[in-house]
file my_file09.cif (mmCIF, C-alpha atoms and all ligand atoms)
data_target
loop_
_atom_site.label_atom_id
_atom_site.label_comp_id
_atom_site.auth_asym_id
_atom_site.auth_seq_id
_atom_site.Cartn_x
_atom_site.Cartn_y
_atom_site.Cartn_z
CA MET A 15 228.64 348.47 101.34
CA SER A 16 228.32 348.11 105.10
CA ILE A 17 225.12 348.57 107.07
CA GLU A 18 226.49 351.98 108.07
CA ASP A 19 226.89 352.94 104.40
CA ILE A 20 223.29 351.93 103.72
CA LYS A 21 222.15 353.95 106.73
CA ASP A 22 224.07 356.97 105.37
CA TYR A 23 222.49 356.54 101.94
CA VAL A 24 219.03 356.38 103.53
CA ALA A 25 219.75 359.43 105.72
CA ARG A 26 220.96 361.46 102.71
CA ASN A 27 217.85 360.58 100.70
CA ARG A 28 215.20 360.93 103.42
CA ALA A 29 213.32 363.82 101.84
CA ARG A 30 213.36 362.27 98.39
CA HIS A 31 212.17 358.88 99.66
CA GLU A 32 209.32 360.46 101.65
CA GLN A 33 208.28 362.44 98.58
CA GLU A 34 208.24 359.25 96.52
CA LEU A 35 206.02 357.57 99.13
CA ALA A 36 203.71 360.60 99.27
CA ASP A 37 203.42 360.59 95.46
CA TRP A 38 202.65 356.87 95.48
CA VAL A 39 199.95 357.25 98.17
CA GLY A 40 198.51 360.10 96.07
CA VAL A 41 197.63 357.67 93.28
CA PRO A 42 194.41 355.88 94.31
CA SER A 43 194.50 352.16 93.49
CA VAL A 44 191.29 350.64 94.77
CA SER A 45 191.06 347.20 93.16
CA ALA A 46 187.55 346.63 94.53
CA THR A 47 186.10 349.60 92.61
CA GLY A 48 188.78 350.17 89.96
CA GLU A 49 189.40 353.74 91.14
CA GLY A 50 192.77 354.87 89.81
CA MET A 51 193.93 351.39 88.78
CA PRO A 52 195.28 352.15 85.26
CA GLU A 53 197.25 355.14 86.57
CA ALA A 54 198.50 353.05 89.49
CA THR A 55 199.73 350.27 87.19
CA ALA A 56 201.70 352.86 85.21
CA HIS A 57 203.04 354.46 88.39
CA ALA A 58 204.17 351.07 89.77
CA LYS A 59 205.99 350.41 86.50
CA GLY A 60 207.71 353.80 86.79
CA LEU A 61 208.79 353.12 90.39
CA LEU A 62 210.34 349.79 89.41
CA ALA A 63 212.24 351.46 86.55
CA ALA A 64 213.40 354.28 88.85
CA SER A 65 214.77 351.64 91.24
CA GLY A 66 216.87 350.00 88.53
CA LEU A 67 214.56 347.08 87.74
CA ALA A 68 213.45 346.28 84.18
CA PRO A 69 209.66 346.61 84.46
CA ARG A 70 206.93 344.60 82.80
CA VAL A 71 203.15 344.75 83.02
CA VAL A 72 201.74 341.23 83.03
CA GLU A 73 198.07 340.81 82.11
CA THR A 74 196.24 338.47 84.46
CA GLY A 75 192.61 338.58 83.36
CA GLY A 76 191.99 341.09 86.15
CA TRP A 77 194.14 344.01 87.32
CA PRO A 78 197.69 343.52 86.02
CA LEU A 79 200.69 342.23 87.90
CA VAL A 80 203.66 344.60 87.57
CA THR A 81 207.07 342.94 87.69
CA GLY A 82 210.64 344.20 87.68
CA HIS A 83 213.91 342.34 87.33
CA ALA A 84 217.52 343.26 88.05
CA ALA A 85 220.35 340.77 87.56
CA GLY A 86 222.91 340.16 90.28
CA PRO A 87 226.24 338.34 90.13
CA GLU A 88 226.42 335.30 87.87
CA GLY A 89 225.57 332.15 89.85
CA GLY A 90 224.26 334.13 92.83
CA PRO A 91 220.87 333.55 94.43
CA HIS A 92 217.69 334.84 92.79
CA VAL A 93 215.27 336.53 95.18
CA VAL A 94 211.59 337.13 94.46
CA ILE A 95 210.04 340.05 96.37
CA TYR A 96 206.24 340.10 96.61
CA GLY A 97 204.16 343.20 97.35
CA HIS A 98 200.84 344.66 96.24
CA TYR A 99 200.00 348.05 94.78
CA ASP A 100 196.23 347.95 95.25
CA VAL A 101 194.64 349.31 98.42
CA GLN A 102 191.39 348.95 100.34
CA PRO A 103 188.64 351.52 99.68
CA PRO A 104 189.02 354.49 102.04
CA GLY A 105 185.85 353.71 104.07
CA PRO A 106 183.99 356.51 105.90
CA LEU A 107 185.64 359.76 104.73
CA ASP A 108 184.42 361.73 107.77
CA GLN A 109 186.58 359.51 109.99
CA TRP A 110 189.79 360.54 108.21
CA ASP A 111 191.68 363.50 109.67
CA SER A 112 193.17 364.23 106.23
CA PRO A 113 192.04 363.05 102.77
CA PRO A 114 192.93 359.36 102.24
CA PHE A 115 194.68 359.92 98.91
CA GLU A 116 196.66 363.01 99.94
CA ALA A 117 199.63 361.95 102.06
CA ALA A 118 199.93 364.06 105.22
CA ILE A 119 202.74 363.93 107.78
CA ARG A 120 201.84 364.37 111.45
CA ASP A 121 203.96 363.42 114.47
CA GLY A 122 206.49 361.45 112.48
CA ARG A 123 203.88 359.39 110.64
CA MET A 124 202.67 359.56 107.09
CA TYR A 125 198.88 359.23 106.86
CA GLY A 126 197.00 358.03 103.80
CA ARG A 127 195.44 354.91 102.32
CA GLY A 128 198.20 352.48 101.40
CA THR A 129 200.98 354.05 103.50
CA GLY A 130 201.49 350.79 105.44
CA ASP A 131 199.39 348.38 103.36
CA ASN A 132 201.34 348.07 101.20
CA LYS A 133 202.90 350.99 99.28
CA GLY A 134 205.31 352.09 102.01
CA GLN A 135 206.47 348.54 102.64
CA HIS A 136 207.17 347.52 99.04
CA LEU A 137 208.65 350.95 98.32
CA ALA A 138 211.15 350.29 101.14
CA GLN A 139 212.10 347.05 99.36
CA LEU A 140 212.49 348.88 96.02
CA LEU A 141 214.59 351.62 97.58
CA ALA A 142 216.83 348.95 99.10
CA VAL A 143 217.46 347.56 95.61
CA ARG A 144 218.17 351.11 94.39
CA ALA A 145 220.60 351.71 97.28
CA LEU A 146 222.47 348.48 96.60
CA LEU A 147 222.66 349.15 92.85
CA ALA A 148 224.18 352.55 93.65
CA SER A 149 226.88 350.97 95.83
CA ASP A 150 230.33 349.98 94.59
CA GLU A 151 229.54 346.28 95.11
CA GLY A 152 226.23 346.46 93.24
CA LEU A 153 223.27 344.18 93.83
CA PRO A 154 224.39 341.05 95.77
CA CYS A 155 221.74 338.78 94.21
CA SER A 156 219.31 338.80 91.31
CA VAL A 157 215.96 340.30 92.23
CA THR A 158 212.51 339.95 90.70
CA VAL A 159 209.81 342.14 92.23
CA LEU A 160 206.14 341.17 91.87
CA LEU A 161 203.59 343.90 92.56
CA ASP A 162 200.12 342.37 92.72
CA GLY A 163 197.17 344.56 91.69
CA GLU A 164 194.52 342.34 93.28
CA GLU A 165 195.67 341.44 96.80
CA GLU A 166 192.88 343.35 98.53
CA ILE A 167 190.28 341.41 96.52
CA GLY A 168 191.86 338.03 97.25
CA SER A 169 194.38 337.82 94.36
CA PRO A 170 192.04 335.66 92.25
CA HIS A 171 194.49 335.48 89.29
CA LEU A 172 197.86 335.46 91.03
CA ALA A 173 198.56 331.72 91.39
CA ALA A 174 197.68 331.01 87.73
CA THR A 175 199.70 334.02 86.52
CA LEU A 176 202.78 332.94 88.51
CA ALA A 177 202.41 329.38 87.24
CA GLY A 178 202.65 330.80 83.72
CA MET A 179 205.87 332.67 84.58
CA ARG A 180 207.79 329.70 85.96
CA THR A 181 210.87 330.26 83.80
CA ASP A 182 211.22 333.90 84.89
CA LEU A 183 210.61 332.88 88.47
CA ASP A 184 213.17 330.08 88.63
CA ALA A 185 214.37 331.54 91.93
CA ASP A 186 215.82 330.43 95.27
CA VAL A 187 213.85 332.33 97.89
CA ALA A 188 210.99 334.82 98.23
CA LEU A 189 210.47 337.77 100.57
CA TRP A 190 207.53 340.02 101.40
CA SER A 191 206.96 342.97 103.71
CA ASP A 192 203.37 343.52 104.82
CA GLY A 193 201.36 343.85 107.99
CA PRO A 194 202.57 345.20 111.32
CA VAL A 195 205.60 344.05 113.29
CA HIS A 196 205.05 341.68 116.23
CA ASP A 197 203.00 343.22 119.08
CA SER A 198 206.10 343.14 121.27
CA TYR A 199 207.99 345.22 118.64
CA GLU A 200 210.71 342.54 118.71
CA PRO A 201 212.25 342.05 115.25
CA THR A 202 210.45 339.07 113.76
CA VAL A 203 210.58 337.08 110.54
CA LEU A 204 207.33 335.39 109.52
CA LEU A 205 207.36 331.90 108.06
CA GLY A 206 203.83 331.62 106.81
CA VAL A 207 200.34 332.97 106.71
CA ARG A 208 196.93 331.56 107.45
CA GLY A 209 194.50 331.15 104.59
CA VAL A 210 191.00 332.59 104.63
CA VAL A 211 187.50 331.74 103.44
CA SER A 212 184.76 334.35 103.84
CA PHE A 213 181.04 333.86 103.45
CA GLU A 214 177.66 335.39 104.15
CA ILE A 215 174.70 333.37 105.46
CA THR A 216 171.25 334.82 104.77
CA VAL A 217 168.06 333.48 106.30
CA ARG A 218 164.82 334.94 104.95
CA GLY A 219 161.44 335.03 106.69
CA ALA A 220 158.23 336.83 105.77
CA ASP A 221 158.02 339.48 103.05
CA SER A 222 158.39 342.24 105.64
CA PRO A 223 158.92 342.53 109.42
CA LEU A 224 155.91 341.24 111.37
CA HIS A 225 154.32 342.32 114.66
CA SER A 226 155.95 340.10 117.31
CA GLY A 227 152.69 339.83 119.28
CA ASN A 228 150.42 339.03 116.37
CA TRP A 229 152.90 336.62 114.82
CA GLY A 230 155.14 335.36 117.66
CA ASN A 231 155.29 331.52 117.82
CA VAL A 232 153.55 331.46 114.43
CA ALA A 233 155.82 333.08 111.84
CA ALA A 234 159.29 331.56 111.48
CA ASN A 235 161.88 333.95 112.95
CA PRO A 236 164.95 334.06 110.70
CA ALA A 237 167.06 335.64 113.45
CA TRP A 238 166.49 332.68 115.78
CA GLU A 239 167.08 330.25 112.94
CA LEU A 240 170.36 331.95 112.11
CA VAL A 241 171.53 332.09 115.73
CA TRP A 242 170.71 328.42 116.18
CA LEU A 243 172.55 327.53 112.95
CA LEU A 244 175.63 329.47 114.05
CA SER A 245 175.57 327.69 117.42
CA THR A 246 175.94 324.38 115.57
CA MET A 247 179.11 325.67 113.85
CA ARG A 248 181.30 326.56 116.85
CA ALA A 249 181.11 325.22 120.40
CA PRO A 250 181.25 327.50 123.47
CA ASP A 251 184.80 326.24 124.10
CA GLY A 252 185.93 327.44 120.66
CA ARG A 253 185.96 324.10 118.85
CA ILE A 254 184.83 324.43 115.24
CA LEU A 255 182.03 321.89 114.72
CA ILE A 256 181.88 321.95 110.91
CA GLU A 257 182.66 318.39 109.94
CA GLY A 258 185.56 318.01 107.52
CA HIS A 259 186.69 321.65 107.59
CA ASP A 260 190.07 320.69 109.03
CA ALA A 261 190.87 317.85 106.61
CA GLY A 262 194.58 317.89 105.79
CA THR A 263 195.59 320.03 108.79
CA THR A 264 199.16 319.19 109.74
CA ALA A 265 200.62 319.37 113.22
CA LEU A 266 203.39 321.85 114.02
CA THR A 267 206.90 320.43 113.71
CA THR A 268 209.23 320.46 116.71
CA ALA A 269 211.11 323.42 115.23
CA GLU A 270 207.87 325.34 114.66
CA ARG A 271 206.73 324.61 118.20
CA ALA A 272 210.08 325.83 119.55
CA ALA A 273 209.84 329.01 117.46
CA LEU A 274 206.32 329.65 118.77
CA ASP A 275 207.42 329.11 122.35
CA ALA A 276 210.27 331.60 121.90
CA LEU A 277 207.93 334.42 120.86
CA PRO A 278 207.21 337.01 123.52
CA MET A 279 203.73 336.95 124.92
CA ALA A 280 201.86 339.30 127.19
CA PRO A 281 198.18 338.35 126.83
CA GLN A 282 196.88 340.66 129.56
CA GLU A 283 198.66 343.71 128.11
CA LEU A 284 197.60 342.74 124.62
CA LEU A 285 193.93 342.56 125.69
CA ALA A 286 194.10 345.69 127.82
CA GLY A 287 195.45 347.55 124.79
CA VAL A 288 192.14 346.95 123.00
CA GLY A 289 189.93 347.48 126.04
CA LEU A 290 189.28 343.81 126.83
CA ASP A 291 189.66 341.82 130.03
CA ARG A 292 189.02 338.35 128.67
CA MET A 293 190.33 336.07 125.97
CA ASP A 294 188.19 334.19 123.45
CA ALA A 295 187.17 330.78 124.78
CA TYR A 296 189.65 328.49 123.05
CA GLY A 297 190.82 325.65 125.28
CA ASP A 298 194.11 326.40 126.96
CA ALA A 299 196.23 327.28 123.89
CA GLU A 300 198.62 330.22 124.36
CA VAL A 301 198.18 333.44 122.38
CA ASN A 302 200.86 332.75 119.76
CA GLU A 303 199.52 329.26 119.11
CA ARG A 304 195.96 330.58 118.75
CA LEU A 305 197.22 332.79 115.94
CA ALA A 306 198.45 329.71 114.06
CA LEU A 307 195.27 327.61 114.43
CA PRO A 308 192.01 327.59 112.40
CA THR A 309 189.39 330.18 113.34
CA PHE A 310 185.71 330.76 112.74
CA ALA A 311 184.69 334.39 113.31
CA ILE A 312 181.27 335.97 113.06
CA ASN A 313 182.20 339.34 111.51
CA SER A 314 178.71 340.84 111.82
CA LEU A 315 175.10 339.92 112.55
CA THR A 316 172.29 342.00 111.05
CA CYS A 317 168.50 341.91 110.95
CA LEU A 318 167.34 345.39 110.08
CA ASP A 319 169.16 348.51 108.94
CA ASP A 320 167.12 350.43 111.48
CA GLN A 321 168.94 350.59 114.81
CA GLU A 322 165.74 351.23 116.76
CA HIS A 323 164.36 348.46 118.97
CA LEU A 324 161.12 347.46 117.24
CA PRO A 325 158.88 344.66 118.57
CA VAL A 326 158.96 342.68 115.34
CA ILE A 327 159.92 339.37 113.84
CA PRO A 328 162.52 340.40 111.27
CA SER A 329 162.13 339.47 107.63
CA VAL A 330 165.79 338.66 107.10
CA ALA A 331 168.84 337.82 109.19
CA ILE A 332 172.39 337.91 107.85
CA ALA A 333 175.65 336.68 109.36
CA ARG A 334 178.93 337.64 107.72
CA CYS A 335 181.70 335.24 108.69
CA ASP A 336 185.26 334.30 107.92
CA MET A 337 187.42 331.33 108.72
CA ARG A 338 191.22 331.55 108.87
CA LEU A 339 192.90 328.38 107.68
CA ALA A 340 195.92 326.72 109.28
CA CYS A 341 198.66 324.80 107.50
CA GLY A 342 197.34 321.95 105.39
CA GLN A 343 193.73 323.16 105.23
CA ARG A 344 192.38 323.80 101.73
CA ALA A 345 189.97 326.60 100.88
CA ALA A 346 187.86 324.42 98.56
CA THR A 347 187.48 321.76 101.28
CA VAL A 348 186.40 324.37 103.82
CA VAL A 349 183.88 325.84 101.35
CA ASP A 350 182.36 322.38 100.75
CA ALA A 351 182.28 321.62 104.47
CA VAL A 352 180.46 324.87 105.29
CA ARG A 353 178.00 324.41 102.42
CA GLU A 354 177.18 320.85 103.50
CA HIS A 355 176.90 321.79 107.17
CA VAL A 356 174.39 324.55 106.43
CA ALA A 357 172.42 322.52 103.87
CA ALA A 358 172.01 319.63 106.32
CA ARG A 359 170.70 321.84 109.14
CA LEU A 360 168.91 324.82 107.64
CA PRO A 361 168.31 324.09 103.95
CA HIS A 362 166.54 327.41 103.29
CA ALA A 363 169.60 329.41 104.43
CA GLU A 364 171.62 330.84 101.53
CA VAL A 365 175.42 330.83 101.72
CA VAL A 366 177.43 333.07 99.41
CA PHE A 367 181.20 332.71 99.47
CA GLY A 368 183.56 335.65 98.99
CA ALA A 369 187.32 335.90 98.70
CA ALA A 370 189.47 332.91 99.64
CA MET A 371 193.20 332.38 100.06
CA GLU A 372 195.18 329.23 100.79
CA PRO A 373 197.49 329.05 103.82
CA SER A 374 201.24 329.07 103.21
CA ARG A 375 203.99 327.46 105.24
CA THR A 376 207.77 327.65 105.22
CA LEU A 377 209.58 325.59 107.86
CA PRO A 378 212.07 327.19 110.29
CA ASP A 379 214.94 325.12 108.84
CA ALA A 380 214.15 325.89 105.18
CA PRO A 381 216.93 327.32 102.95
CA TYR A 382 217.90 330.95 103.60
CA ALA A 383 215.98 331.14 106.92
CA GLN A 384 219.21 331.90 108.77
CA ALA A 385 220.36 334.41 106.14
CA VAL A 386 217.09 336.32 106.44
CA LEU A 387 217.27 336.25 110.24
CA ASP A 388 220.87 337.46 110.12
CA GLY A 389 219.94 340.39 107.86
CA VAL A 390 217.06 341.49 110.09
CA SER A 391 219.13 341.00 113.26
CA ALA A 392 222.03 343.05 111.86
CA THR A 393 219.79 346.08 111.35
CA ALA A 394 217.87 345.69 114.61
CA ASP A 395 221.08 345.09 116.52
CA LYS A 396 219.49 342.16 118.35
CA PRO A 397 218.54 338.61 117.39
CA ALA A 398 215.37 338.42 115.31
CA LEU A 399 212.67 335.86 116.13
CA LEU A 400 210.87 333.45 113.83
CA ALA A 401 207.08 333.27 113.85
CA PRO A 402 205.62 330.13 112.20
CA ALA A 403 202.49 331.88 110.92
CA MET A 404 201.03 335.33 110.70
CA GLY A 405 197.47 335.64 111.95
CA GLY A 406 196.35 337.33 108.74
CA SER A 407 196.39 336.14 105.15
CA LEU A 408 198.40 336.86 102.01
CA PRO A 409 198.29 335.11 98.63
CA ILE A 410 201.79 333.68 98.95
CA ALA A 411 200.73 330.03 98.56
CA GLY A 412 201.20 330.78 94.83
CA ILE A 413 204.88 331.28 95.67
CA THR A 414 205.49 328.54 98.27
CA ASP A 415 203.23 325.83 96.86
CA GLY A 416 203.10 327.02 93.24
CA LEU A 417 206.77 327.87 92.69
CA GLY A 418 208.23 325.77 95.51
CA LEU A 419 210.15 328.65 97.09
CA PRO A 420 210.78 329.19 100.79
CA CYS A 421 209.09 332.49 101.61
CA TYR A 422 209.90 334.90 104.45
CA GLY A 423 207.87 337.84 105.71
CA ILE A 424 209.61 340.89 107.10
CA PRO A 425 206.81 343.16 108.32
CA LEU A 426 207.89 346.78 108.69
CA ALA A 427 204.80 348.73 109.78
CA ASN A 428 203.93 349.97 113.26
CA VAL A 429 201.42 347.86 115.22
CA ASP A 430 198.87 350.72 115.02
CA GLU A 431 199.21 351.26 111.26
CA ARG A 432 195.38 351.12 111.03
CA ASN A 433 195.51 349.21 107.75
CA HIS A 434 192.03 348.88 106.21
CA ALA A 435 190.72 351.57 108.62
CA PRO A 436 190.51 355.38 108.48
CA ASN A 437 193.76 357.23 109.26
CA GLU A 438 196.01 354.45 107.96
CA ASN A 439 199.58 355.48 108.70
CA PHE A 440 203.22 354.41 108.61
CA GLU A 441 205.83 355.68 111.08
CA LEU A 442 208.43 357.31 108.85
CA SER A 443 211.31 356.09 111.03
CA ARG A 444 210.10 352.54 110.29
CA PHE A 445 209.91 353.30 106.57
CA HIS A 446 213.52 354.52 106.51
CA GLU A 447 214.79 351.69 108.75
CA GLY A 448 212.83 349.28 106.56
CA ILE A 449 214.99 350.26 103.57
CA VAL A 450 218.09 349.42 105.60
CA THR A 451 216.59 346.12 106.79
CA ALA A 452 215.60 345.11 103.26
CA ALA A 453 219.07 345.92 101.94
CA ALA A 454 220.74 344.03 104.80
CA VAL A 455 218.60 340.94 104.09
CA LEU A 456 219.49 340.98 100.38
CA ARG A 457 223.15 341.34 101.27
CA SER A 458 222.91 338.47 103.73
CA ILE A 459 221.17 336.25 101.16
CA GLY A 460 223.76 337.22 98.54
CA GLY A 461 226.56 336.11 100.83
CA THR A 462 225.19 332.67 101.44
CA LYS A 463 225.53 331.03 98.06
ZN ZN A 501 195.38 344.91 103.12
#
call {"tool": "encode", "arguments": {"input": "my_file09.cif", "output": "structure tokens", "more": "lines below"}}
Ligand SMILES: [Zn+2]
result
Amino acid sequence: MSIEDIKDYVARNRARHEQELADWVGVPSVSATGEGMPEATAHAKGLLAASGLAPRVVETGGWPLVTGHAAGPEGGPHVVIYGHYDVQPPGPLDQWDSPPFEAAIRDGRMYGRGTGDNKGQHLAQLLAVRALLASDEGLPCSVTVLLDGEEEIGSPHLAATLAGMRTDLDADVALWSDGPVHDSYEPTVLLGVRGVVSFEITVRGADSPLHSGNWGNVAANPAWELVWLLSTMRAPDGRILIEGHDAGTTALTTAERAALDALPMAPQELLAGVGLDRMDAYGDAEVNERLALPTFAINSLTCLDDQEHLPVIPSVAIARCDMRLACGQRAATVVDAVREHVAARLPHAEVVFGAAMEPSRTLPDAPYAQAVLDGVSATADKPALLAPAMGGSLPIAGITDGLGLPCYGIPLANVDERNHAPNENFELSRFHEGIVTAAAVLRSIGGTK
């Protein structure tokens, strides 16, 4: 089956594929609240079966993992494909132009929660398997699909579940499609992801807000205490000052550095696109390198729910933060470092940690890197680029570190997919092309062993 044959197959089945995506988006699957999860698990199982994969629901202790397997030629490579069927909560409903769990097509895009993150992207992978199974040559490699039901809540059970499935997952290479394509829209294969640790720091003062004249200089001000504490955690030049947070961090290899340098970069355009005229203070590192390095972000700062300006000393101040972890950093080490840093400076501050994920790294010269690049390049009709790390996070350390597989990301969604936000969408042309890309990559991997 040539690329042209796959394109024909996709063109013939456009309406059916779009209907399948719309039906999938129509099943809510909010792991954070549980909304729709049992139905979604069953629907995921049905989609795997309809794509020619033998499905299985694997209990994890949380929301199940749904897997599907299809055998390829004897002795051929075994590919693991990771995706997730849970979605983020819809957020403010009045900011959606159409209901989040009713797929709507406008201007060539399908709107709805999960269109891009991640139902449309793993459905493209499944439809690629279906297309190849329908071809005269059949599937060029064995495929095991893993659909995680807990990605949006940090995949707390995934690594342990995969460790228990080692025999089934005795594979050669892993793939995933998630997140948007590179800002430049150049075809890009991702080699890794940053990890993440999130936490909330709460500083409490008096029982209720106090008059700032009657109590100023007398009552401790939790907002000032919190601001001062935060200023001890990151320097004005961007250096993270939390001792020990970066233990284990490994330098980029020459090949990773070369891959980073080859990525297109247009910082001014990038910033202008989001209404900014300045970059974060972070030494002199280039944009692409910044996206591979550790971060410390304040996500929000709050004192009172009331937005009015009141002359008070607030009773509580809260900072919500996250840190993205670079290669070699460990979530548990970062958690300990933050806890110790806060305890040593402001012992009455409370720190509560949320979801965490480990970083994952695959090197540019790892097995099958060229095969994956070739598959993506063949569909795009130009050479694909390698990006050493994606800015965001995915729980694929369970695959790279846990199962020892090289792992490649092939993001399919448009840059403005608005994942996690109202009006999430997926350009349908990208969905259909994504099926072709996924099939071309499997074919390319199948031809290399
Ligand atoms: Zn997401």
call {"tool": "residues_near_point", "arguments": {"input": "my_file09.cif", "point": "(215.0, 331.6, 90.7)", "cutoff": "10 Å", "atoms": "all atoms listed in the file", "output": "list in words"}}
result
Gly90, Pro91, His92, Val93, Val94, Ser156, Val157, Thr158, Arg180, Thr181, Asp182, Leu183, Asp184, Ala185, Asp186, Val187, Ala188, Leu417 and Leu419 of chain A
call {"tool": "closest_residue", "arguments": {"input": "my_file09.cif", "among": "A:Thr246, A:Asn433, A:Gln33, A:Asn231", "to": "ligand ZN 501 (chain A)", "atoms": "all atoms listed in the file"}}
result
A:Asn433
call {"tool": "residues_around", "arguments": {"input": "my_file09.cif", "residues": "Asn132 (chain A)", "least_positions_apart": "2", "cutoff": "9 Å", "atoms": "only C-alpha atoms", "output": "ChimeraX atom specification"}}
result
/A:97-101,128-130,134-137,191-193,433
call {"tool": "residues_around", "arguments": {"input": "my_file09.cif", "residues": "region 377-392 of chain A", "least_positions_apart": "4", "cutoff": "9 Å", "atoms": "all atoms listed in the file", "output": "count of residues only"}}
result
36
call {"tool": "closest_residue", "arguments": {"input": "my_file09.cif", "among": "A:Arg127, A:His446, A:Arg334, A:Arg304", "to": "ligand ZN 501 (chain A)", "atoms": "all atoms listed in the file"}}
result
A:Arg127
call {"tool": "atom_distance", "arguments": {"input": "my_file09.cif", "atom1": "CA of Leu61 (chain A)", "atom2": "CA of Lys133 (chain A)"}}
result
10.9 Å
call {"tool": "atom_distance", "arguments": {"input": "my_file09.cif", "atom1": "CA of Asn437 (chain A)", "atom2": "CA of Gln109 (chain A)"}}
result
7.6 Å
call {"tool": "closest_residue", "arguments": {"input": "my_file09.cif", "among": "A:Asp294, A:Asp430, A:Glu165, A:Glu300", "to": "ligand ZN 501 (chain A)", "atoms": "only C-alpha atoms and all ligand atoms"}}
result
A:Glu165
call {"tool": "closest_residue", "arguments": {"input": "my_file09.cif", "among": "A:Leu161, A:Ile332, A:Ala340, A:Cys155", "to": "Glu88 (chain A)", "atoms": "all atoms listed in the file"}}
result
A:Cys155
call {"tool": "residues_around", "arguments": {"input": "my_file09.cif", "residues": "Ala117 (chain A)", "least_positions_apart": "6", "cutoff": "10 Å", "atoms": "all atoms listed in the file", "output": "ChimeraX atom specification"}}
result
/A:32-33,35-41,123-129,439
call {"tool": "closest_residue", "arguments": {"input": "my_file09.cif", "among": "A:Glu166, A:Ser43, A:Pro78, A:Ala333", "to": "Val365 (chain A)", "atoms": "only C-alpha atoms"}}
result
A:Ala333
call {"tool": "closest_residue", "arguments": {"input": "my_file09.cif", "among": "A:Val72, A:Leu426, A:Ala220, A:Val211", "to": "Ala369 (chain A)", "atoms": "all atoms listed in the file"}}
result
A:Val211
call {"tool": "atom_distance", "arguments": {"input": "my_file09.cif", "atom1": "CA of Ser198 (chain A)", "atom2": "CA of Ile413 (chain A)"}}
result
28.2 Å
call {"tool": "residues_around", "arguments": {"input": "my_file09.cif", "residues": "region 143-146 of chain A", "least_positions_apart": "5", "cutoff": "6 Å", "atoms": "all atoms listed in the file", "output": "tab-separated table (two decimals) with C-alpha atoms, in the frame of the given file"}}
result
chain	number	residue	atom	x	y	z
A	65	SER	CA	214.77	351.64	91.24
A	152	GLY	CA	226.23	346.46	93.24
A	153	LEU	CA	223.27	344.18	93.83
call {"tool": "residues_around", "arguments": {"input": "my_file09.cif", "residues": "Ala234 (chain A)", "least_positions_apart": "6", "cutoff": "10 Å", "atoms": "all atoms listed in the file", "output": "list in words"}}
result
Arg218, Gly219, Ala220, Ile327, Pro328 and Ser329 of chain A
call {"tool": "write_last_selection", "arguments": {"input": "my_file09.cif", "atoms": "C-alpha atoms", "output": "PDB file, keeping the file's coordinate frame"}}
result
ATOM      1  CA  ARG A 218     164.820 334.940 104.950  1.00  0.00           C
ATOM      2  CA  GLY A 219     161.440 335.030 106.690  1.00  0.00           C
ATOM      3  CA  ALA A 220     158.230 336.830 105.770  1.00  0.00           C
ATOM      4  CA  ILE A 327     159.920 339.370 113.840  1.00  0.00           C
ATOM      5  CA  PRO A 328     162.520 340.400 111.270  1.00  0.00           C
ATOM      6  CA  SER A 329     162.130 339.470 107.630  1.00  0.00           C
TER       7      SER A 329
END
